[in-house]
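J.: See input16.cif below, with mmCIF, C-alpha atoms.
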```
data_my_file
#
loop_
_atom_site.group_PDB
_atom_site.id
_atom_site.type_symbol
_atom_site.label_atom_id
_atom_site.label_comp_id
_atom_site.auth_asym_id
_atom_site.auth_seq_id
_atom_site.Cartn_x
_atom_site.Cartn_y
_atom_site.Cartn_z
ATOM 1 C CA MET A 10 -11.006 24.562 46.531
ATOM 2 C CA LYS A 11 -11.200 27.319 43.935
ATOM 3 C CA SER A 12 -7.572 26.791 43.029
ATOM 4 C CA GLY A 13 -8.316 23.090 42.433
ATOM 5 C CA LYS A 14 -11.187 23.912 40.063
ATOM 6 C CA LYS A 15 -8.991 26.372 38.188
ATOM 7 C CA ALA A 16 -6.279 23.757 37.841
ATOM 8 C CA ARG A 17 -8.769 21.216 36.500
ATOM 9 C CA ARG A 18 -10.187 23.773 34.039
ATOM 10 C CA ALA A 19 -6.684 24.646 32.884
ATOM 11 C CA ALA A 20 -5.823 20.971 32.406
ATOM 12 C CA LEU A 21 -9.050 20.382 30.493
ATOM 13 C CA THR A 22 -8.414 23.393 28.264
ATOM 14 C CA LEU A 23 -4.909 22.148 27.559
ATOM 15 C CA ALA A 24 -6.139 18.641 26.780
ATOM 16 C CA LEU A 25 -8.824 19.951 24.412
ATOM 17 C CA GLY A 26 -6.381 22.283 22.753
ATOM 18 C CA LEU A 27 -3.682 19.709 22.097
ATOM 19 C CA PRO A 28 -5.439 17.952 19.151
ATOM 20 C CA VAL A 29 -6.180 21.329 17.580
ATOM 21 C CA ALA A 30 -2.593 22.474 18.001
ATOM 22 C CA LEU A 31 -1.311 19.187 16.653
ATOM 23 C CA ALA A 32 -3.619 19.394 13.641
ATOM 24 C CA VAL A 33 -2.507 22.961 12.938
ATOM 25 C CA HIS A 34 1.131 21.876 13.199
ATOM 26 C CA MET A 35 0.605 18.938 10.839
ATOM 27 C CA GLN A 36 -1.294 21.119 8.381
ATOM 28 C CA ALA A 37 1.473 23.709 8.412
ATOM 29 C CA HIS A 38 4.042 20.935 7.878
ATOM 30 C CA ALA A 39 2.117 19.525 4.922
ATOM 31 C CA GLN A 40 1.647 22.980 3.414
ATOM 32 C CA ALA A 41 5.384 23.555 3.675
ATOM 33 C CA TRP A 42 6.121 20.465 1.566
ATOM 34 C CA PRO A 43 8.374 20.375 -0.334
ATOM 35 C CA ALA A 44 10.870 22.442 1.625
ATOM 36 C CA ARG A 45 13.909 20.674 0.153
ATOM 37 C CA PRO A 46 14.818 18.503 -2.866
ATOM 38 C CA VAL A 47 12.768 15.361 -3.535
ATOM 39 C CA ARG A 48 14.406 12.119 -4.713
ATOM 40 C CA VAL A 49 12.657 10.084 -7.408
ATOM 41 C CA LEU A 50 14.124 6.581 -7.512
ATOM 42 C CA VAL A 51 14.080 4.565 -10.728
ATOM 43 C CA GLY A 52 14.859 0.851 -10.691
ATOM 44 C CA PHE A 53 16.352 0.879 -14.189
ATOM 45 C CA SER A 54 19.475 2.374 -15.720
ATOM 46 C CA ALA A 55 19.427 5.779 -17.406
ATOM 47 C CA GLY A 56 18.117 5.965 -20.950
ATOM 48 C CA GLY A 57 15.259 3.450 -20.717
ATOM 49 C CA PRO A 58 11.551 4.373 -20.913
ATOM 50 C CA THR A 59 10.997 4.436 -17.144
ATOM 51 C CA ASP A 60 13.931 6.809 -16.761
ATOM 52 C CA VAL A 61 12.599 9.025 -19.571
ATOM 53 C CA VAL A 62 9.187 9.335 -17.914
ATOM 54 C CA ALA A 63 10.813 9.957 -14.527
ATOM 55 C CA ARG A 64 12.944 12.806 -15.852
ATOM 56 C CA ALA A 65 10.031 14.408 -17.682
ATOM 57 C CA PHE A 66 7.889 14.263 -14.533
ATOM 58 C CA ALA A 67 10.749 15.498 -12.334
ATOM 59 C CA ASP A 68 11.245 18.518 -14.587
ATOM 60 C CA HIS A 69 7.519 19.327 -14.464
ATOM 61 C CA ALA A 70 7.265 18.859 -10.683
ATOM 62 C CA SER A 71 10.370 20.971 -10.049
ATOM 63 C CA ARG A 72 8.832 23.871 -11.943
ATOM 64 C CA ALA A 73 5.372 23.382 -10.421
ATOM 65 C CA LEU A 74 6.486 23.143 -6.792
ATOM 66 C CA GLY A 75 9.650 25.247 -6.727
ATOM 67 C CA GLN A 76 11.972 22.545 -5.390
ATOM 68 C CA PRO A 77 14.274 20.184 -7.319
ATOM 69 C CA PHE A 78 12.923 16.703 -8.029
ATOM 70 C CA VAL A 79 16.089 14.670 -8.577
ATOM 71 C CA VAL A 80 16.027 11.356 -10.459
ATOM 72 C CA ASP A 81 18.184 8.699 -8.797
ATOM 73 C CA ASN A 82 18.781 5.583 -10.908
ATOM 74 C CA LYS A 83 19.136 2.481 -8.744
ATOM 75 C CA PRO A 84 19.086 -0.477 -11.166
ATOM 76 C CA GLY A 85 19.375 -4.120 -10.218
ATOM 77 C CA ALA A 86 17.386 -7.135 -9.063
ATOM 78 C CA ASN A 87 14.484 -6.322 -11.393
ATOM 79 C CA THR A 88 13.852 -2.962 -9.637
ATOM 80 C CA ILE A 89 13.704 -4.606 -6.216
ATOM 81 C CA LEU A 90 16.600 -2.489 -4.885
ATOM 82 C CA ALA A 91 14.862 0.782 -5.720
ATOM 83 C CA ALA A 92 11.489 -0.406 -4.405
ATOM 84 C CA GLU A 93 13.042 -1.615 -1.141
ATOM 85 C CA ALA A 94 14.765 1.742 -0.655
ATOM 86 C CA VAL A 95 11.511 3.658 -1.106
ATOM 87 C CA ALA A 96 9.459 1.269 1.042
ATOM 88 C CA ALA A 97 11.973 1.725 3.881
ATOM 89 C CA ALA A 98 12.288 5.507 3.483
ATOM 90 C CA PRO A 99 10.622 7.993 5.841
ATOM 91 C CA ALA A 100 7.031 8.628 4.791
ATOM 92 C CA ASP A 101 7.549 12.360 4.402
ATOM 93 C CA GLY A 102 7.233 12.821 0.636
ATOM 94 C CA TYR A 103 10.934 13.307 0.002
ATOM 95 C CA THR A 104 11.608 9.837 -1.435
ATOM 96 C CA LEU A 105 9.399 8.565 -4.269
ATOM 97 C CA LEU A 106 9.408 5.647 -6.701
ATOM 98 C CA LEU A 107 8.805 5.998 -10.421
ATOM 99 C CA GLY A 108 7.781 2.404 -11.078
ATOM 100 C CA ALA A 109 6.553 0.402 -14.035
ATOM 101 C CA THR A 110 4.405 -2.651 -14.677
ATOM 102 C CA ASN A 111 7.070 -5.065 -13.467
ATOM 103 C CA HIS A 112 6.501 -3.689 -9.929
ATOM 104 C CA THR A 113 3.333 -5.779 -9.747
ATOM 105 C CA MET A 114 5.120 -8.792 -11.240
ATOM 106 C CA ILE A 115 7.729 -8.975 -8.469
ATOM 107 C CA PRO A 116 5.509 -10.909 -5.996
ATOM 108 C CA ALA A 117 4.922 -13.667 -8.563
ATOM 109 C CA LEU A 118 8.637 -14.510 -8.704
ATOM 110 C CA TYR A 119 10.337 -13.000 -5.643
ATOM 111 C CA SER A 120 7.724 -13.095 -2.864
ATOM 112 C CA GLN A 121 10.003 -15.032 -0.508
ATOM 113 C CA ARG A 122 12.995 -12.756 -1.111
ATOM 114 C CA VAL A 123 11.723 -9.182 -0.935
ATOM 115 C CA LYS A 124 11.374 -7.003 2.147
ATOM 116 C CA PHE A 125 8.261 -5.160 1.015
ATOM 117 C CA ASP A 126 4.723 -5.746 -0.181
ATOM 118 C CA ALA A 127 4.198 -4.435 -3.714
ATOM 119 C CA VAL A 128 0.824 -2.985 -2.709
ATOM 120 C CA ARG A 129 0.671 -2.430 1.071
ATOM 121 C CA SER A 130 4.169 -0.942 1.436
ATOM 122 C CA PHE A 131 3.317 1.941 -0.893
ATOM 123 C CA ALA A 132 0.847 4.775 -1.253
ATOM 124 C CA PRO A 133 -0.347 4.887 -4.863
ATOM 125 C CA VAL A 134 0.023 8.372 -6.335
ATOM 126 C CA CYS A 135 -0.830 8.164 -10.052
ATOM 127 C CA SER A 136 -0.007 6.342 -13.228
ATOM 128 C CA LEU A 137 1.490 8.747 -15.760
ATOM 129 C CA ALA A 138 1.857 6.918 -19.079
ATOM 130 C CA VAL A 139 1.480 3.602 -20.908
ATOM 131 C CA SER A 140 3.390 2.014 -23.776
ATOM 132 C CA PRO A 141 2.394 -1.016 -25.871
ATOM 133 C CA THR A 142 4.690 -3.989 -26.387
ATOM 134 C CA VAL A 143 6.219 -4.416 -29.837
ATOM 135 C CA LEU A 144 8.173 -7.352 -31.248
ATOM 136 C CA VAL A 145 11.451 -6.150 -32.748
ATOM 137 C CA VAL A 146 14.393 -7.996 -34.295
ATOM 138 C CA GLY A 147 18.004 -6.991 -34.819
ATOM 139 C CA PRO A 148 20.648 -7.789 -37.452
ATOM 140 C CA SER A 149 21.187 -11.343 -36.166
ATOM 141 C CA MET A 150 17.649 -12.201 -37.300
ATOM 142 C CA PRO A 151 17.114 -10.354 -40.601
ATOM 143 C CA VAL A 152 13.433 -11.148 -41.158
ATOM 144 C CA LYS A 153 10.958 -8.532 -42.364
ATOM 145 C CA THR A 154 7.595 -10.034 -41.416
ATOM 146 C CA PHE A 155 6.036 -11.677 -38.387
ATOM 147 C CA GLY A 156 5.320 -14.802 -40.434
ATOM 148 C CA ALA A 157 9.014 -15.176 -41.291
ATOM 149 C CA PHE A 158 9.931 -14.645 -37.636
ATOM 150 C CA LEU A 159 7.537 -17.324 -36.441
ATOM 151 C CA GLN A 160 8.807 -19.740 -39.073
ATOM 152 C CA ALA A 161 12.426 -19.154 -38.012
ATOM 153 C CA VAL A 162 11.604 -19.647 -34.325
ATOM 154 C CA LYS A 163 9.750 -22.890 -34.996
ATOM 155 C CA ALA A 164 12.611 -24.161 -37.159
ATOM 156 C CA ASP A 165 15.095 -23.888 -34.244
ATOM 157 C CA PRO A 166 13.221 -24.622 -30.998
ATOM 158 C CA GLY A 167 14.962 -23.130 -27.958
ATOM 159 C CA LYS A 168 17.795 -21.584 -29.985
ATOM 160 C CA ARG A 169 16.444 -18.178 -30.969
ATOM 161 C CA THR A 170 16.950 -15.582 -28.236
ATOM 162 C CA TYR A 171 14.874 -12.742 -26.840
ATOM 163 C CA ALA A 172 16.154 -9.907 -24.661
ATOM 164 C CA THR A 173 14.280 -8.413 -21.706
ATOM 165 C CA PRO A 174 15.058 -5.674 -19.145
ATOM 166 C CA GLY A 175 15.314 -8.430 -16.522
ATOM 167 C CA ALA A 176 13.894 -11.684 -15.229
ATOM 168 C CA GLY A 177 10.348 -11.071 -14.050
ATOM 169 C CA SER A 178 10.053 -7.839 -16.047
ATOM 170 C CA SER A 179 7.051 -6.954 -18.184
ATOM 171 C CA GLY A 180 9.069 -8.027 -21.224
ATOM 172 C CA HIS A 181 9.704 -11.424 -19.629
ATOM 173 C CA PHE A 182 6.013 -12.006 -18.960
ATOM 174 C CA ALA A 183 5.023 -10.741 -22.426
ATOM 175 C CA SER A 184 7.558 -13.023 -24.095
ATOM 176 C CA ALA A 185 6.569 -16.082 -22.087
ATOM 177 C CA GLN A 186 2.907 -15.452 -22.799
ATOM 178 C CA PHE A 187 3.726 -15.233 -26.526
ATOM 179 C CA THR A 188 5.566 -18.565 -26.534
ATOM 180 C CA GLN A 189 2.647 -20.180 -24.720
ATOM 181 C CA LEU A 190 0.095 -18.851 -27.209
ATOM 182 C CA THR A 191 2.170 -19.853 -30.250
ATOM 183 C CA GLY A 192 3.541 -23.147 -28.933
ATOM 184 C CA THR A 193 7.123 -22.017 -29.476
ATOM 185 C CA SER A 194 10.319 -22.200 -27.433
ATOM 186 C CA MET A 195 12.908 -19.412 -27.179
ATOM 187 C CA ASN A 196 15.960 -18.645 -25.021
ATOM 188 C CA HIS A 197 15.525 -15.813 -22.509
ATOM 189 C CA ILE A 198 18.445 -13.359 -22.131
ATOM 190 C CA PRO A 199 17.769 -10.943 -19.231
ATOM 191 C CA PHE A 200 19.545 -7.593 -18.891
ATOM 192 C CA LYS A 201 19.699 -4.891 -16.218
ATOM 193 C CA GLY A 202 17.372 -2.468 -17.947
ATOM 194 C CA ALA A 203 15.898 -1.768 -21.364
ATOM 195 C CA ALA A 204 18.790 0.382 -22.575
ATOM 196 C CA GLN A 205 21.318 -2.443 -22.246
ATOM 197 C CA ALA A 206 18.938 -4.919 -23.880
ATOM 198 C CA VAL A 207 18.427 -2.634 -26.884
ATOM 199 C CA THR A 208 22.179 -2.026 -27.240
ATOM 200 C CA ASP A 209 22.933 -5.750 -27.484
ATOM 201 C CA LEU A 210 19.956 -6.292 -29.781
ATOM 202 C CA ILE A 211 21.340 -3.697 -32.193
ATOM 203 C CA GLY A 212 24.790 -5.256 -31.846
ATOM 204 C CA GLY A 213 23.503 -8.672 -32.857
ATOM 205 C CA GLN A 214 24.197 -10.402 -29.541
ATOM 206 C CA VAL A 215 20.506 -11.312 -29.221
ATOM 207 C CA ASP A 216 17.880 -11.951 -31.896
ATOM 208 C CA SER A 217 14.689 -10.254 -30.725
ATOM 209 C CA SER A 218 12.828 -8.485 -27.968
ATOM 210 C CA PHE A 219 9.227 -8.031 -26.860
ATOM 211 C CA ALA A 220 9.928 -4.446 -25.851
ATOM 212 C CA THR A 221 7.876 -1.451 -24.875
ATOM 213 C CA LEU A 222 7.451 0.779 -27.895
ATOM 214 C CA GLY A 223 8.962 3.694 -26.014
ATOM 215 C CA SER A 224 12.259 1.845 -25.570
ATOM 216 C CA VAL A 225 12.779 1.027 -29.280
ATOM 217 C CA LEU A 226 10.876 3.608 -31.332
ATOM 218 C CA ALA A 227 13.914 5.701 -32.245
ATOM 219 C CA GLN A 228 15.871 2.598 -33.294
ATOM 220 C CA VAL A 229 12.965 1.360 -35.421
ATOM 221 C CA HIS A 230 12.662 4.730 -37.146
ATOM 222 C CA SER A 231 16.427 4.816 -37.789
ATOM 223 C CA GLY A 232 16.363 1.320 -39.295
ATOM 224 C CA LYS A 233 18.599 -0.243 -36.645
ATOM 225 C CA LEU A 234 15.740 -2.505 -35.535
ATOM 226 C CA THR A 235 12.763 -3.941 -37.416
ATOM 227 C CA ALA A 236 9.291 -3.914 -35.848
ATOM 228 C CA LEU A 237 7.188 -6.959 -36.752
ATOM 229 C CA ALA A 238 4.004 -6.734 -34.662
ATOM 230 C CA VAL A 239 2.388 -4.597 -31.963
ATOM 231 C CA ALA A 240 0.668 -6.153 -28.922
ATOM 232 C CA ALA A 241 -2.220 -3.690 -28.825
ATOM 233 C CA PRO A 242 -5.907 -3.750 -29.816
ATOM 234 C CA LYS A 243 -5.159 -1.455 -32.757
ATOM 235 C CA ARG A 244 -2.146 -0.339 -34.762
ATOM 236 C CA SER A 245 0.061 2.369 -33.346
ATOM 237 C CA ALA A 246 -0.186 5.758 -35.049
ATOM 238 C CA LEU A 247 3.602 5.893 -34.745
ATOM 239 C CA LEU A 248 4.028 2.594 -36.634
ATOM 240 C CA PRO A 249 1.011 2.492 -38.963
ATOM 241 C CA GLY A 250 2.606 -0.087 -41.259
ATOM 242 C CA VAL A 251 3.185 -2.606 -38.463
ATOM 243 C CA PRO A 252 0.297 -5.051 -37.852
ATOM 244 C CA THR A 253 -1.106 -6.012 -34.492
ATOM 245 C CA PHE A 254 -0.498 -9.560 -33.297
ATOM 246 C CA GLU A 255 -4.203 -10.158 -33.793
ATOM 247 C CA GLU A 256 -3.875 -9.208 -37.463
ATOM 248 C CA ALA A 257 -0.778 -11.381 -37.742
ATOM 249 C CA GLY A 258 -2.674 -14.430 -36.500
ATOM 250 C CA VAL A 259 -1.953 -14.532 -32.737
ATOM 251 C CA LYS A 260 -5.380 -14.207 -31.149
ATOM 252 C CA GLY A 261 -5.885 -12.657 -27.740
ATOM 253 C CA TYR A 262 -2.333 -11.359 -27.319
ATOM 254 C CA THR A 263 -2.061 -7.798 -25.975
ATOM 255 C CA ALA A 264 0.453 -6.367 -23.540
ATOM 256 C CA ASP A 265 1.334 -2.873 -22.442
ATOM 257 C CA ALA A 266 3.375 -1.292 -19.678
ATOM 258 C CA TRP A 267 2.395 1.491 -17.299
ATOM 259 C CA TYR A 268 4.702 4.012 -15.666
ATOM 260 C CA GLY A 269 3.582 5.538 -12.395
ATOM 261 C CA LEU A 270 4.458 7.270 -9.153
ATOM 262 C CA LEU A 271 4.446 5.598 -5.728
ATOM 263 C CA ALA A 272 5.291 6.913 -2.268
ATOM 264 C CA PRO A 273 6.034 5.096 1.003
ATOM 265 C CA SER A 274 2.902 3.970 2.817
ATOM 266 C CA LYS A 275 1.649 6.401 5.474
ATOM 267 C CA THR A 276 2.847 9.418 3.511
ATOM 268 C CA PRO A 277 0.753 12.386 4.779
ATOM 269 C CA PRO A 278 -2.543 12.774 2.875
ATOM 270 C CA ASP A 279 -1.887 16.423 2.033
ATOM 271 C CA VAL A 280 1.463 15.523 0.473
ATOM 272 C CA LEU A 281 -0.199 12.785 -1.570
ATOM 273 C CA ALA A 282 -2.903 15.215 -2.658
ATOM 274 C CA THR A 283 -0.266 17.657 -3.883
ATOM 275 C CA LEU A 284 1.594 14.925 -5.734
ATOM 276 C CA ARG A 285 -1.618 13.711 -7.377
ATOM 277 C CA ARG A 286 -2.490 17.214 -8.484
ATOM 278 C CA VAL A 287 0.944 17.728 -10.022
ATOM 279 C CA ALA A 288 0.926 14.259 -11.608
ATOM 280 C CA THR A 289 -2.488 14.913 -13.162
ATOM 281 C CA GLU A 290 -1.357 18.278 -14.493
ATOM 282 C CA PHE A 291 1.726 16.587 -15.952
ATOM 283 C CA SER A 292 -0.261 13.906 -17.798
ATOM 284 C CA GLN A 293 -2.849 16.385 -19.077
ATOM 285 C CA ALA A 294 -0.383 18.981 -20.327
ATOM 286 C CA PRO A 295 -0.317 19.151 -24.153
ATOM 287 C CA ALA A 296 3.484 19.404 -24.081
ATOM 288 C CA THR A 297 3.682 16.170 -22.050
ATOM 289 C CA GLN A 298 1.293 14.344 -24.358
ATOM 290 C CA GLU A 299 3.237 15.411 -27.432
ATOM 291 C CA LYS A 300 6.550 14.412 -25.861
ATOM 292 C CA LEU A 301 5.236 11.011 -24.777
ATOM 293 C CA ARG A 302 3.739 10.308 -28.204
ATOM 294 C CA SER A 303 7.095 11.042 -29.810
ATOM 295 C CA LEU A 304 8.586 8.435 -27.475
ATOM 296 C CA GLY A 305 6.014 5.749 -28.250
ATOM 297 C CA MET A 306 3.942 6.338 -25.123
ATOM 298 C CA GLU A 307 0.489 7.629 -24.286
ATOM 299 C CA ALA A 308 -0.277 9.871 -21.322
ATOM 300 C CA ARG A 309 -2.709 8.058 -19.051
ATOM 301 C CA ASN A 310 -3.653 9.185 -15.560
ATOM 302 C CA THR A 311 -5.145 6.914 -12.887
ATOM 303 C CA CYS A 312 -4.753 8.128 -9.304
ATOM 304 C CA GLY A 313 -5.277 7.219 -5.662
ATOM 305 C CA ASP A 314 -7.549 4.312 -4.787
ATOM 306 C CA ALA A 315 -8.211 3.505 -8.460
ATOM 307 C CA PHE A 316 -4.476 3.168 -9.096
ATOM 308 C CA GLY A 317 -4.131 1.084 -5.933
ATOM 309 C CA ALA A 318 -6.920 -1.253 -7.076
ATOM 310 C CA GLN A 319 -5.171 -1.622 -10.438
ATOM 311 C CA LEU A 320 -1.924 -2.609 -8.699
ATOM 312 C CA ALA A 321 -3.651 -5.162 -6.477
ATOM 313 C CA GLY A 322 -5.461 -6.687 -9.467
ATOM 314 C CA GLU A 323 -2.236 -6.990 -11.442
ATOM 315 C CA VAL A 324 -0.457 -8.712 -8.561
ATOM 316 C CA ARG A 325 -3.157 -11.393 -8.611
ATOM 317 C CA LEU A 326 -3.131 -11.620 -12.418
ATOM 318 C CA TYR A 327 0.624 -12.031 -12.758
ATOM 319 C CA GLY A 328 0.761 -14.489 -9.904
ATOM 320 C CA ASP A 329 -1.729 -16.695 -11.746
ATOM 321 C CA LEU A 330 0.180 -16.224 -15.023
ATOM 322 C CA ALA A 331 3.527 -17.133 -13.465
ATOM 323 C CA ARG A 332 2.077 -20.339 -12.069
ATOM 324 C CA SER A 333 0.384 -21.311 -15.327
ATOM 325 C CA LEU A 334 3.515 -20.614 -17.388
ATOM 326 C CA ASP A 335 5.877 -21.972 -14.699
ATOM 327 C CA LEU A 336 7.905 -18.761 -14.882
ATOM 328 C CA LYS A 337 11.018 -18.673 -12.716
ATOM 329 C CA THR A 338 13.863 -16.249 -12.220
ATOM 330 C CA GLU A 339 17.189 -17.266 -13.680
#
```
Can you give me the file's structure in the form of structure tokens?

T.:
Amino acid sequence: MKSGKKARRAALTLALGLPVALAVHMQAHAQAWPARPVRVLVGFSAGGPTDVVARAFADHASRALGQPFVVDNKPGANTILAAEAVAAAPADGYTLLLGATNHTMIPALYSQRVKFDAVRSFAPVCSLAVSPTVLVVGPSMPVKTFGAFLQAVKADPGKRTYATPGAGSSGHFASAQFTQLTGTSMNHIPFKGAAQAVTDLIGGQVDSSFATLGSVLAQVHSGKLTALAVAAPKRSALLPGVPTFEEAGVKGYTADAWYGLLAPSKTPPDVLATLRRVATEFSQAPATQEKLRSLGMEARNTCGDAFGAQLAGEVRLYGDLARSLDLKTE
């Protein structure tokens, strides 16, 4: 009888101790992260603004956490390939996505073709930076003012071209919104990333682009491209002589792009907390802010649930916009 009571007490002690042991094990595992290199996937080719932000963050995180954060460019399908890879990866903090605004535009155009949910398949870490949209032209369209650009576009409906980083990208939505507001028609030429779009714009293969400032600032400063208007509430300090669209006569037209960090859903909370701390430190560092400003970006940090709410709101917004503009992928 006594042996039976002892056995029951031993079993009860074991049962009560298991959750504690498991919690201690999980805590030790989380504290050990990262114990090996971390991959940061980017859905665009090297050299574009998303890649630039990813590499700057990876360098900061590597130094802060003592393990390499390795940027892995996986361009194609408007960043769907990279997002799918991260959504399907183990939720252990070793595979991350450095995404941009077009991540929340994917459902509006590809909802029946993707294997992930732009919101529910990911754990929102933090946004890191934003960049306004700027209208630039290349040598094939040698105009110097927004008024001259608009006149040229209206003179040849459907013939003037605009480059974007891809169908369904932030540049695609910004361009389509512009044509709706101005009653114009232009020919969309999608590329696999901002770097390729800018190269062909400089080469004269396409006329214009509604590009993020970070992707074209160096070319504007060198004179290879001409900036005509900025889609922001106020002029950029980096392009003080370039008017806003509002000043140029296009009312209610603003557009910017965010760049931010996402992890697979169900990533351990302690890992997410560490990532958010490092991401916040990155955005707040004076060296980061100076670097981003020189690239036409502004450090901006929104983390956790607030970032998740922003993503969900954008998915709804761009879905409505795609339907109203009848946007389709080519």

J.: For region 110-174 of chain A against region 327-331 of chain A, with a cut-off of 12 Å and counting all atoms listed in the file, what is the closest atom pair and its distance in Å to one decimal for every residue that makes the cut, ordered by chain and number, as CSV?

T.:
```
residue,atom,partner,partner_atom,distance
A:Thr110,CA,A:Tyr327,CA,10.3
A:Asn111,CA,A:Tyr327,CA,9.5
A:His112,CA,A:Tyr327,CA,10.6
A:Thr113,CA,A:Tyr327,CA,7.4
A:Met114,CA,A:Tyr327,CA,5.7
A:Ile115,CA,A:Tyr327,CA,8.8
A:Pro116,CA,A:Gly328,CA,7.1
A:Ala117,CA,A:Gly328,CA,4.4
A:Leu118,CA,A:Ala331,CA,7.5
A:Tyr119,CA,A:Gly328,CA,10.6
A:Ser120,CA,A:Gly328,CA,10.0
```

J.: Let me make sure I understand: among A:Val79, A:Val51, A:Leu107, A:Cys135, which one has the smallest atom-to-atom distance to Ala315 (chain A) if we use only C-alpha atoms?

T.: A:Cys135

J.: So that I can see what lies close to Pro174 (chain A), please list as a list of chain:residue names the residues with an atom at most 9 Å from it, counting only C-alpha atoms and leaving out residues fewer than 2 positions away in the same chain.

T.: A:Phe53, A:Asn87, A:Ala172, A:Ala176, A:Gly177, A:Ser178, A:Ser179, A:Gly180, A:His181, A:Ile198, A:Pro199, A:Phe200, A:Lys201, A:Gly202, A:Ala203, A:Ala204, A:Gln205, A:Ala206, A:Val207, A:Ala220

J.: Could you list, as a PDB file with C-alpha atoms, in the coordinates of the input, every residue matched by the PyMOL selection byres ((chain A and resi 312) around 8) in this structure?

T.:
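File out-v4.pdb, as written:
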```pdb
ATOM      1  CA  PRO A 133      -0.347   4.887  -4.863  1.00  0.00           C
ATOM      2  CA  VAL A 134       0.023   8.372  -6.335  1.00  0.00           C
ATOM      3  CA  CYS A 135      -0.830   8.164 -10.052  1.00  0.00           C
ATOM      4  CA  SER A 136      -0.007   6.342 -13.228  1.00  0.00           C
ATOM      5  CA  ARG A 285      -1.618  13.711  -7.377  1.00  0.00           C
ATOM      6  CA  ASN A 310      -3.653   9.185 -15.560  1.00  0.00           C
ATOM      7  CA  THR A 311      -5.145   6.914 -12.887  1.00  0.00           C
ATOM      8  CA  GLY A 313      -5.277   7.219  -5.662  1.00  0.00           C
ATOM      9  CA  ASP A 314      -7.549   4.312  -4.787  1.00  0.00           C
ATOM     10  CA  ALA A 315      -8.211   3.505  -8.460  1.00  0.00           C
ATOM     11  CA  PHE A 316      -4.476   3.168  -9.096  1.00  0.00           C
ATOM     12  CA  GLY A 317      -4.131   1.084  -5.933  1.00  0.00           C
TER      13      GLY A 317
END
```

J.: Step by step, work through what the PyMOL selection byres ((chain A and resi 210) around 12) selects in the shown file, and finish by giving those residues as a VMD selection string.

T.: chain A and resid 144 to 151 170 to 174 198 to 200 203 to 209 211 to 220 224 to 225 228 to 229 233 to 235

J.: With C-alpha atoms kept, could you save the residues just selected as a tab-separated table (two decimals), in the frame of the given file?

T.:
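Saved to again_18.tsv:
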```
chain	number	residue	atom	x	y	z
A	144	LEU	CA	8.17	-7.35	-31.25
A	145	VAL	CA	11.45	-6.15	-32.75
A	146	VAL	CA	14.39	-8.00	-34.30
A	147	GLY	CA	18.00	-6.99	-34.82
A	148	PRO	CA	20.65	-7.79	-37.45
A	149	SER	CA	21.19	-11.34	-36.17
A	150	MET	CA	17.65	-12.20	-37.30
A	151	PRO	CA	17.11	-10.35	-40.60
A	170	THR	CA	16.95	-15.58	-28.24
A	171	TYR	CA	14.87	-12.74	-26.84
A	172	ALA	CA	16.15	-9.91	-24.66
A	173	THR	CA	14.28	-8.41	-21.71
A	174	PRO	CA	15.06	-5.67	-19.14
A	198	ILE	CA	18.44	-13.36	-22.13
A	199	PRO	CA	17.77	-10.94	-19.23
A	200	PHE	CA	19.55	-7.59	-18.89
A	203	ALA	CA	15.90	-1.77	-21.36
A	204	ALA	CA	18.79	0.38	-22.58
A	205	GLN	CA	21.32	-2.44	-22.25
A	206	ALA	CA	18.94	-4.92	-23.88
A	207	VAL	CA	18.43	-2.63	-26.88
A	208	THR	CA	22.18	-2.03	-27.24
A	209	ASP	CA	22.93	-5.75	-27.48
A	211	ILE	CA	21.34	-3.70	-32.19
A	212	GLY	CA	24.79	-5.26	-31.85
A	213	GLY	CA	23.50	-8.67	-32.86
A	214	GLN	CA	24.20	-10.40	-29.54
A	215	VAL	CA	20.51	-11.31	-29.22
A	216	ASP	CA	17.88	-11.95	-31.90
A	217	SER	CA	14.69	-10.25	-30.72
A	218	SER	CA	12.83	-8.48	-27.97
A	219	PHE	CA	9.23	-8.03	-26.86
A	220	ALA	CA	9.93	-4.45	-25.85
A	224	SER	CA	12.26	1.84	-25.57
A	225	VAL	CA	12.78	1.03	-29.28
A	228	GLN	CA	15.87	2.60	-33.29
A	229	VAL	CA	12.96	1.36	-35.42
A	233	LYS	CA	18.60	-0.24	-36.65
A	234	LEU	CA	15.74	-2.50	-35.53
A	235	THR	CA	12.76	-3.94	-37.42
```

J.: Interatomic distance between CA of Ala44 (chain A) and CA of Thr297 (chain A)?

T.: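 So the two atoms, CA of Ala44 (chain A) and CA of Thr297 (chain A), lie 25.5 Å apart.
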
J.: What separation in Å, quoted to one decimal, exists between CA of Phe66 (chain A) and CA of Ser274 (chain A)?

T.: 20.8 Å
